[in-house]
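Everything on this sheet refers to the single structure shown next.
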Amino acid sequence: MTTTAPTAVNARAIALAHHAGRALLEDVLVRHGATFHQSVTLRAVVASGGSIGRDELVGDVRGSLKTDASVVHGAIEELTAAKLLEEDPAQAARMRLTDAGRELYDSTSAESARIAARLYAGIPAEDLVIAGRVLALVTERANAELAGG
């Protein structure tokens, strides 16, 4: 394995890490017939306990992906057409995970967890904590700028 000399954290380093990790995730998702946007949408439903208001879901995914609402609505429609999400019969404004959606999420999450374990193997826990704090602060600042503040 080739390693490079340590470098300061900067936008390029963060982007390179993001894109390398995302490429690995995309490989997993393609094998399961899913897209990245669909995966993020399923994760939001799972994180909400398996059922979430459509508007809340759109807001959550938009906030995560920094994308237009139409993109999120498209992902919801694709997931609904594939029978991975469905409208809650008791509350049509809510979307809920189907058994097939749960199975897809669990399967892709397990595969991505194995990838993450390999990627983070051997990195001292204290380094991961520091990196997490730095990335959370960068995210907070970027979100504030996007919000105009």
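Note on naming: chains are A, B, ... as they come in the structure tokens, residues start from 1 per chain, ligands start from 1 in the order shown.
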
Could you name the residues that touch Gly21 of chain A at 12 Å or less, counting only C-alpha atoms, but leaving out those on the same chain fewer than 4 positions away, as a list in words?
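Counting only the stated atoms, we get Ile14, Ala15, Leu16, Ala17, Leu25, Glu26, Asp27, Val28, Ser112, Ala113, Ile115, Ala116, Ala117, Arg118, Leu119 and Tyr120 of chain A.
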
For His32 of chain A, find every residue with an atom within 9 Å (counting only C-alpha atoms), except residues of its own chain fewer than 6 positions away, and show them as a list in words.
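Returned residues: Leu104, Ser107 and Thr108 of chain A.
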
In terms of the shortest atom-to-atom distance over only C-alpha atoms, which of A:His37, A:Val72, A:Val9, A:His19 is closest to Ile130 of chain A?
A:Val9

For segment 57-61 of chain A: contacts at 8 Å, only C-alpha atoms, fewer than 4 positions along chain excluded, given as a PyMOL selection string:
chain A and resi 40-41+44-45+52-53+65-66+69+72-73

Excluding Leu146 of chain A and any residue of its chain fewer than 3 positions from it, enumerate the residues within 12 Å of it, using only C-alpha atoms, and give them as number ranges by chain.
A: 63, 66-67, 139-143, 149

Going by DSSP on the backbone, which residues of segment 6-119 of chain A come out as strand (DSSP E or B)? List them as number ranges by chain.
A: 51-53, 85-88, 91-97

All heavy atoms of the current selection, written as a CSV table (one decimal), in the first residue's frame:
```csv
chain,number,residue,atom,x,y,z
A,51,SER,N,-40.6,5.7,9.4
A,51,SER,CA,-41.7,6.5,8.8
A,51,SER,C,-41.4,8.0,9.1
A,51,SER,O,-41.0,8.4,10.1
A,51,SER,CB,-43.0,6.1,9.5
A,51,SER,OG,-44.1,6.9,9.1
A,52,ILE,N,-41.7,8.8,8.0
A,52,ILE,CA,-41.4,10.2,8.1
A,52,ILE,C,-42.4,11.0,7.2
A,52,ILE,O,-42.7,10.5,6.1
A,52,ILE,CB,-39.9,10.5,7.8
A,52,ILE,CG1,-39.5,11.9,8.0
A,52,ILE,CG2,-39.6,10.0,6.4
A,52,ILE,CD1,-38.0,12.2,7.8
A,53,GLY,N,-42.7,12.2,7.6
A,53,GLY,CA,-43.5,13.0,6.7
A,53,GLY,C,-42.7,13.3,5.4
A,53,GLY,O,-41.5,13.5,5.5
A,85,LEU,N,-40.1,2.2,-0.7
A,85,LEU,CA,-40.9,3.2,0.2
A,85,LEU,C,-42.3,3.1,-0.3
A,85,LEU,O,-42.6,2.8,-1.4
A,85,LEU,CB,-40.4,4.6,0.0
A,85,LEU,CG,-39.1,5.1,0.6
A,85,LEU,CD1,-38.9,6.6,0.3
A,85,LEU,CD2,-39.1,4.9,2.1
A,86,GLU,N,-43.2,3.5,0.7
A,86,GLU,CA,-44.6,3.6,0.3
A,86,GLU,C,-45.3,4.7,1.2
A,86,GLU,O,-44.8,5.0,2.2
A,86,GLU,CB,-45.3,2.3,0.5
A,86,GLU,CG,-45.3,1.8,2.0
A,86,GLU,CD,-45.9,0.4,2.2
A,86,GLU,OE1,-46.2,-0.3,1.2
A,86,GLU,OE2,-46.0,0.0,3.3
A,87,GLU,N,-46.4,5.2,0.6
A,87,GLU,CA,-47.2,6.1,1.5
A,87,GLU,C,-47.8,5.3,2.6
A,87,GLU,O,-48.2,4.2,2.4
A,87,GLU,CB,-48.2,6.8,0.6
A,87,GLU,CG,-47.7,7.8,-0.3
A,87,GLU,CD,-48.9,8.5,-1.1
A,87,GLU,OE1,-50.0,8.1,-0.9
A,87,GLU,OE2,-48.5,9.5,-1.8
A,88,ASP,N,-47.8,5.9,3.7
A,88,ASP,CA,-48.5,5.3,4.9
A,88,ASP,C,-50.0,5.4,4.6
A,88,ASP,O,-50.5,6.4,4.4
A,88,ASP,CB,-48.1,6.1,6.2
A,88,ASP,CG,-48.6,5.4,7.4
A,88,ASP,OD1,-49.7,4.8,7.4
A,88,ASP,OD2,-48.0,5.6,8.4
A,91,GLN,N,-51.8,7.8,6.8
A,91,GLN,CA,-51.4,9.2,6.7
A,91,GLN,C,-50.6,9.3,5.4
A,91,GLN,O,-49.4,9.2,5.3
A,91,GLN,CB,-50.5,9.6,7.8
A,91,GLN,CG,-51.2,9.6,9.2
A,91,GLN,CD,-50.2,10.0,10.3
A,91,GLN,OE1,-49.0,9.6,10.3
A,91,GLN,NE2,-50.7,10.8,11.2
A,92,ALA,N,-51.4,9.7,4.3
A,92,ALA,CA,-50.8,9.8,3.0
A,92,ALA,C,-49.6,10.8,2.9
A,92,ALA,O,-48.8,10.7,2.0
A,92,ALA,CB,-51.8,10.2,2.0
A,93,ALA,N,-49.5,11.7,3.8
A,93,ALA,CA,-48.4,12.7,3.8
A,93,ALA,C,-47.1,12.1,4.4
A,93,ALA,O,-46.1,12.8,4.4
A,93,ALA,CB,-48.8,13.9,4.6
A,94,ARG,N,-47.2,10.9,4.9
A,94,ARG,CA,-46.0,10.2,5.5
A,94,ARG,C,-45.5,9.1,4.5
A,94,ARG,O,-46.3,8.4,3.9
A,94,ARG,CB,-46.3,9.6,6.8
A,94,ARG,CG,-46.6,10.7,7.9
A,94,ARG,CD,-46.7,10.1,9.3
A,94,ARG,NE,-45.4,9.6,9.8
A,94,ARG,CZ,-44.5,10.3,10.3
A,94,ARG,NH1,-44.6,11.6,10.3
A,94,ARG,NH2,-43.4,9.8,10.8
A,95,MET,N,-44.2,8.9,4.5
A,95,MET,CA,-43.6,7.9,3.7
A,95,MET,C,-43.1,6.8,4.7
A,95,MET,O,-42.6,7.2,5.8
A,95,MET,CB,-42.4,8.4,2.9
A,95,MET,CG,-42.8,9.4,1.9
A,95,MET,SD,-44.1,8.9,0.7
A,95,MET,CE,-43.3,7.6,-0.1
A,96,ARG,N,-43.2,5.6,4.4
A,96,ARG,CA,-42.6,4.6,5.3
A,96,ARG,C,-41.8,3.5,4.5
A,96,ARG,O,-42.1,3.3,3.3
A,96,ARG,CB,-43.7,3.9,6.1
A,96,ARG,CG,-44.7,3.0,5.3
A,96,ARG,CD,-45.7,2.4,6.3
A,96,ARG,NE,-46.5,1.5,5.5
A,96,ARG,CZ,-47.6,0.9,6.0
A,96,ARG,NH1,-48.0,1.1,7.3
A,96,ARG,NH2,-48.3,0.0,5.3
A,97,LEU,N,-40.9,2.9,5.2
A,97,LEU,CA,-40.0,1.9,4.6
A,97,LEU,C,-40.8,0.6,4.4
A,97,LEU,O,-41.6,0.3,5.3
A,97,LEU,CB,-38.9,1.7,5.6
A,97,LEU,CG,-37.6,1.2,5.2
A,97,LEU,CD1,-37.0,2.1,4.1
A,97,LEU,CD2,-36.6,1.1,6.3
```

Atomic separation - atom CA of Ser48 of chain A relative to atom CA of Val30 of chain A, Å
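Value for the atom CA of Val30 of chain A-atom CA of Ser48 of chain A distance: 24.7 Å.
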